[in-house]
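Trainee: The following block contains the structure, expressed as structure tokens.
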Amino acid sequence: MRSFLTTQEEFTPQLEFLTNPAEIINGIHRQEWDSWAAFRLRVRAAEISLFTGFDDELLIYPHLHERWRQAGLVPYPHQEATVKRVIGELRGRAILADEVGLGKTIEAGMIIKEYCLRGLAKKILILTPASLCRQWAAELSQKFALYPVLAKGDFNWERYDLVIASIDLAKQEKNRKVIESLYYDLLVVDEAHKLKNPSTKNLQLVSRIRKKFFLLLTATPLQNDLKELFNLISLLRPGQLGSYRTFRRQFMADKRTAKNPEELRSLLGRVMIRNKRGPQINLPPRKVATMPLSLSPEENELYRRVTAFVKEEYRKGERAGVNPLTLITLQREVCSSSFAAATTLFHLSQKAGEAEAEKIVALMELSGRLKENTKMNLVEEILRQTGDEKVIIFTEFLATQRYIHARLKRKGILSLTFDGSMSASKKDFTLGRFRRDPAHRVLICTESGGEGVNLQFCRTMINYDLPWNPMRLEQRIGRIHRLGQTREVYVYNLVSRGTIEEHLLRLLMEKVRLFEMVIGDLQRIVNYFAREKSFEARVMGALVAAEDEAELNRNLERLGDELLARLTRKEEWSVDDLIMPAEDLSKTPEEGKPESPREGQNRGPAAIAEQGR
Amino acid sequence: MASLTPEEVKAFIIETLKVSGAGYRQVDEDLLLAEVTVEIPPMFFDPPRLEKQTLNLVFNPAASASYPGAELVIPGSYRLNWFIDGLQTRGNYTLQRFKYKGTAAEIEAALGTLRPELKEKFPLPAPEEKVRPFLLVNYILSYQTDELYEELVSLGLDMAGGTISPDFLRALGEAEAAPGPPETGVEPPSHSLEEAFALLHQYLNQVVLARDPRWVEEARARYEEELTCLYQYYQEDRRDFGIFQSRALDLYDKFRPRVLVRLVNVGLLYLPVFVYELPEDGNRKKALLHYLPFLNQVEITNTREK
């Protein structure tokens, strides 16, 4: 290995006089004399403002003591340890890779503030997805007395020192040029897993920004393959894992299988910090209840006929008049609500050929005749039982969201809707209202709307429909089951009997035991589903290949077996395997099994589940 | 930021209030009420204006809970920084003269400690009292690599003799100052102000070179480690050599040792000098003894072997 030695001259301290003596001499000639007391006080003020170097004590604690007391914020020991390690041992360059909900933003805020107080960071840029900009600004101002400027429109990047920008704005050509010409003391990139592809503008921008300290935040540093991990680490500290050729030779058996894990683990540990839920970081238990319900005969007929249509078209393969992705969406929609299915059926009818159009119009008419969905009866029952508790209802589809909103309104229950199309200010307003206004106790949220939002003041969630990818389910639950949550969390999964959702949920709950992996290695399964982009297609394949329910069940069983086999393969590494000590790998999910709902509880989901049958 | 006790912070705030002429009242051991004038910036159609405000200040984090609404003033807090910022326009230049109030016996005792050989000549004849001009300049030196350390350096340049005394402000202690120059007895300066600053800059260079070099050596080791790491990434692809060079330069900028010198304030001070004429003694001729009591310093001139 070549080492670089510097010359004595390169490291001879250079004095830079920031004040011109001529100006001082002019000042003396102007005879603007002040008192001796003022003179000494000025020196005392300078003395007080001195930065006297690194020591183990963090400056943020005395500085923010009062603010945190008023806000009820008490940083967790793992957060303090993370800040100390980043500032000390890791020299301000780190990937903060805590599991979802363990407070990466708080850690980053503490680091930013600490650097500011130590006089080491003044010009700071925070890049986040657009939907999280305002949340970052609120966290920094409320918890850290840092007042960032949100970049938008024709922004003056040179003028402001602490800036939050969406990465999409920053990479626009005119902005990119200016940002790349500046020097930042600290660059923070949230949701950094979006930087894993080196050919994207996101990664190129972040790579080119000149910075002294650098934080990357992501809960999923390793998803698809080891090359992505290499890219992320190399972005942070090029050379930490050598060149890609060296890395491939030394550490990759294939794109998902690591070799020399001990050595790799040691290298990763020098740039990455990952806190996980466990004995040291406890969250309140989560209780998950499956709420099966029987569809009305009309709904059943719609489901049956739409499924038949989807199967028929899907089997045609390339000859089908309808895109297979649209068919998967339609199948998921009909599980969600008749209104969601009607929307897609309408669009399909506009484009379909004559033969298909007739069938589609018939289905559309059938869905149009359904004015109510049975699922809402169950929702109303849950809302009745939960009393004044704030409740979040998640759905994947806007049409379903609108229906739930309208139905609740008819029943005199005020609710708020929250989706990805809303402006940032409207999102803020809606969340604020949901949090503070007791009259609005229900928030109906779509997937895209809920991304990255913190709702831990609320502890009850209803999954009106189930995403076919469990990673998204986990992300939904992570909105309320995170640090700051002080109470038990209740998750209700609504499932219509006889639909593919019922089979899928059985697979996830009984076979994969998804919901029990609260403390166990949930990340492993989340990673699996994140990289299995075709998982939805596999589920669809199981559905299409089945002639009846029993066969569908068998098909999904086989898929579950395959999935389990993959998950238990020892050579399949997750990021936790690579950065945790080896002894922790022996832990099984069973060890983290949460308390199961007690029977006969009045308030518990088990009791409601019984009533839903 | 320097670590200060709550008492030290409170003393600083009270002193600042006194110097700025603001009213204040110590309500109890913890709470201080201060009446200050703040500048309200222009807003929409309103021009900037000055407004009186009453600040409720506490200094002890443990006590702050007992005074809801009061501001906690601690190192790094907004309010302490506000006071510090407010002082930026004050105390930049001062012109003071100092009077020594010690007795002849106290002076002889001090001289006896500094030069024991003089004791046999006691009692000395009455001295001539003169005044010597000094240029006091306070600097902040920021030692920067990827880390930062700052220190305050207070240098006093003897404008007559050209010597520089470190820690000058501390040496003056609580000496009583009076504004303005003395009317008589001033020793003529031998340096212009331009020359004086050049001498001070040279002196600062020596201060930096004399400093324990570990701060540079450690930064150098860290830089070499980072550079080696960076090279690992680019070593196999010559096409990226330009990027490697530019990144290496960025790294060098991060780690190279720099000392930023910021001037805090400047004082022209006149310090008393007691000049004694020492009688002939054995093989020594007559000599002049200059004693500077505030600096606890003795100079003997015109000494020649017989």
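Naming works like this for the structure tokens: A, B, ... for the chains as they're shown, residue 1 at the start of each chain, ligands 1 onward in shown order.
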Residues of chain B no more than 6 Å from chain A, counting only C-alpha atoms: send them over as a ChimeraX atom specification.
Mentor: /B:1-2,76-77,84,91,93-94,148-150,224,228-230,232-233,257-262
Trainee: Keeping N, CA, C and O atoms for every residue in the selection just given, could you write it to a file as a short mmCIF file (atom, residue, chain, number, x, y, z; two decimals), in the first residue's frame?
Mentor:
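As a result, again03.cif now contains:
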data_model
loop_
_atom_site.label_atom_id
_atom_site.label_comp_id
_atom_site.auth_asym_id
_atom_site.auth_seq_id
_atom_site.Cartn_x
_atom_site.Cartn_y
_atom_site.Cartn_z
N MET B 1 -16.51 27.09 23.27
CA MET B 1 -16.71 28.24 24.17
C MET B 1 -16.16 27.91 25.55
O MET B 1 -16.28 26.78 26.01
N ALA B 2 -15.54 28.90 26.17
CA ALA B 2 -14.91 28.68 27.47
C ALA B 2 -15.95 28.22 28.48
O ALA B 2 -17.10 28.62 28.43
N GLY B 76 -22.85 30.03 25.51
CA GLY B 76 -23.48 29.58 24.26
C GLY B 76 -24.92 29.97 24.12
O GLY B 76 -25.50 29.83 23.04
N SER B 77 -25.54 30.49 25.19
CA SER B 77 -26.97 30.82 25.09
C SER B 77 -27.15 32.08 24.25
O SER B 77 -26.25 32.89 24.10
N ILE B 84 -22.60 39.71 24.38
CA ILE B 84 -21.24 39.72 23.81
C ILE B 84 -21.24 40.50 22.48
O ILE B 84 -20.37 41.34 22.24
N GLY B 91 -15.16 49.55 23.68
CA GLY B 91 -13.84 49.17 24.18
C GLY B 91 -12.82 48.83 23.13
O GLY B 91 -11.88 48.08 23.39
N TYR B 93 -10.75 51.00 21.57
CA TYR B 93 -9.54 51.78 21.80
C TYR B 93 -9.65 52.43 23.18
O TYR B 93 -10.73 52.86 23.58
N THR B 94 -8.52 52.51 23.83
CA THR B 94 -8.54 53.24 25.09
C THR B 94 -7.20 53.95 25.29
O THR B 94 -6.16 53.53 24.75
N LEU B 148 -10.17 22.90 16.27
CA LEU B 148 -10.02 24.34 16.52
C LEU B 148 -9.69 24.57 17.99
O LEU B 148 -10.30 23.94 18.87
N TYR B 149 -8.71 25.41 18.21
CA TYR B 149 -8.41 25.82 19.58
C TYR B 149 -8.09 27.30 19.54
O TYR B 149 -7.35 27.76 18.66
N GLU B 150 -8.62 28.05 20.49
CA GLU B 150 -8.37 29.49 20.48
C GLU B 150 -7.77 29.93 21.80
O GLU B 150 -8.06 29.35 22.85
N GLU B 224 -2.44 12.47 6.55
CA GLU B 224 -1.76 11.42 5.78
C GLU B 224 -2.61 10.15 5.72
O GLU B 224 -2.69 9.48 4.69
N THR B 228 -4.08 8.66 2.23
CA THR B 228 -3.78 7.28 1.85
C THR B 228 -5.08 6.55 1.55
O THR B 228 -5.18 5.81 0.57
N CYS B 229 -6.07 6.79 2.39
CA CYS B 229 -7.38 6.17 2.19
C CYS B 229 -7.97 6.61 0.85
O CYS B 229 -8.45 5.78 0.08
N LEU B 230 -7.89 7.89 0.56
CA LEU B 230 -8.43 8.43 -0.69
C LEU B 230 -7.74 7.78 -1.88
O LEU B 230 -8.37 7.45 -2.88
N GLN B 232 -6.51 4.88 -2.11
CA GLN B 232 -6.99 3.50 -2.30
C GLN B 232 -8.15 3.46 -3.29
O GLN B 232 -8.31 2.51 -4.03
N TYR B 233 -8.96 4.52 -3.25
CA TYR B 233 -10.15 4.54 -4.08
C TYR B 233 -9.80 4.83 -5.54
O TYR B 233 -10.40 4.27 -6.45
N PRO B 257 -2.42 23.30 9.00
CA PRO B 257 -2.47 24.15 10.19
C PRO B 257 -2.45 25.63 9.83
O PRO B 257 -1.61 26.07 9.04
N ARG B 258 -3.38 26.31 10.36
CA ARG B 258 -3.44 27.77 10.14
C ARG B 258 -3.64 28.44 11.49
O ARG B 258 -4.31 27.88 12.37
N VAL B 259 -3.08 29.61 11.61
CA VAL B 259 -3.33 30.37 12.83
C VAL B 259 -3.95 31.70 12.40
O VAL B 259 -3.30 32.52 11.77
N LEU B 260 -5.22 31.83 12.69
CA LEU B 260 -5.89 33.08 12.33
C LEU B 260 -5.72 34.05 13.49
O LEU B 260 -5.98 33.70 14.65
N VAL B 261 -5.25 35.25 13.16
CA VAL B 261 -4.98 36.23 14.21
C VAL B 261 -6.01 37.36 14.09
O VAL B 261 -6.07 38.05 13.07
N ARG B 262 -6.84 37.47 15.10
CA ARG B 262 -7.85 38.54 15.11
C ARG B 262 -7.52 39.51 16.22
O ARG B 262 -7.25 39.09 17.36
#
Trainee: Let's see if you can do this: from backbone DSSP, list all strand (DSSP E or B) residues in region 56-166 of chain B, as an NGL selection string.
Mentor: :B and (56-58 or 71-72 or 93-98 or 128-144 or 148-158 or 164-165)
Trainee: With a distance cut-off of 10 Å and only C-alpha atoms, select the neighbouring residues of Asp30 (chain B), excluding the residue or stretch itself and same-chain residues fewer than 5 positions from it, and output the selection as a PyMOL selection string.
Mentor: chain B and resi 6-7+10+57-60+62-64+66-67
Trainee: For N, CA and C atoms, I'd like the residues from the last selection saved as a compact mmCIF listing (two decimals), in the first residue's frame.
Mentor:
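Saved file again_18.txt follows:
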# COMPACT_ATOMS: atom_id res chain seq x y z
N PRO B 6 -21.76 29.67 36.71
CA PRO B 6 -22.88 30.63 36.69
C PRO B 6 -22.50 31.97 37.32
N GLU B 7 -21.68 31.92 38.37
CA GLU B 7 -21.28 33.17 39.04
C GLU B 7 -20.45 34.04 38.11
N LYS B 10 -22.75 35.61 35.58
CA LYS B 10 -23.53 36.69 36.19
C LYS B 10 -22.66 37.93 36.38
N LEU B 57 -33.39 37.31 34.06
CA LEU B 57 -32.26 36.45 33.76
C LEU B 57 -31.92 35.55 34.96
N VAL B 58 -31.72 34.27 34.68
CA VAL B 58 -31.17 33.37 35.70
C VAL B 58 -29.91 32.72 35.11
N PHE B 59 -29.04 32.28 35.98
CA PHE B 59 -27.72 31.84 35.52
C PHE B 59 -27.42 30.39 35.87
N ASN B 60 -28.25 29.85 36.73
CA ASN B 60 -28.01 28.49 37.19
C ASN B 60 -29.06 27.55 36.59
N ALA B 62 -30.04 24.74 37.36
CA ALA B 62 -30.86 24.09 38.38
C ALA B 62 -31.95 25.03 38.89
N ALA B 63 -31.67 26.33 38.85
CA ALA B 63 -32.65 27.30 39.38
C ALA B 63 -33.67 27.71 38.34
N SER B 64 -33.39 27.44 37.07
CA SER B 64 -34.24 28.01 36.02
C SER B 64 -35.68 27.53 36.11
N SER B 66 -37.46 27.22 38.62
CA SER B 66 -38.22 27.97 39.63
C SER B 66 -38.68 29.33 39.11
N TYR B 67 -38.15 29.73 37.96
CA TYR B 67 -38.51 31.06 37.43
C TYR B 67 -39.04 30.91 36.01
Trainee: Quick one: residues within 8 Å of Lys255 (chain A), only C-alpha atoms counted, chain neighbours fewer than 4 positions away excluded, as a ChimeraX atom specification?
Mentor: /A:225-227
Trainee: Have a look at A:Leu58, A:Ala357, A:Leu102, A:Ala81 and name the one nearest to Gly278 (chain A); count only C-alpha atoms.
Mentor: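 Looking at the shortest contact to Gly278 (chain A), the residue is A:Leu102.
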Trainee: Using DSSP on the backbone, list every residue of region 164-369 of chain A that comes out as helix (DSSP H, G or I), and give them as an MDAnalysis selection string.
Mentor: chainID A and resid 167:170 173:181 192:195 201:208 226:236 244:251 261:269 297:315 317:319 324:336 338:351 354:369
Trainee: Which value, in Å to one decimal, gives the distance between CA of Ala537 (chain A) and CA of Leu222 (chain A)?
Mentor: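 So the two atoms, CA of Ala537 (chain A) and CA of Leu222 (chain A), lie 22.7 Å apart.
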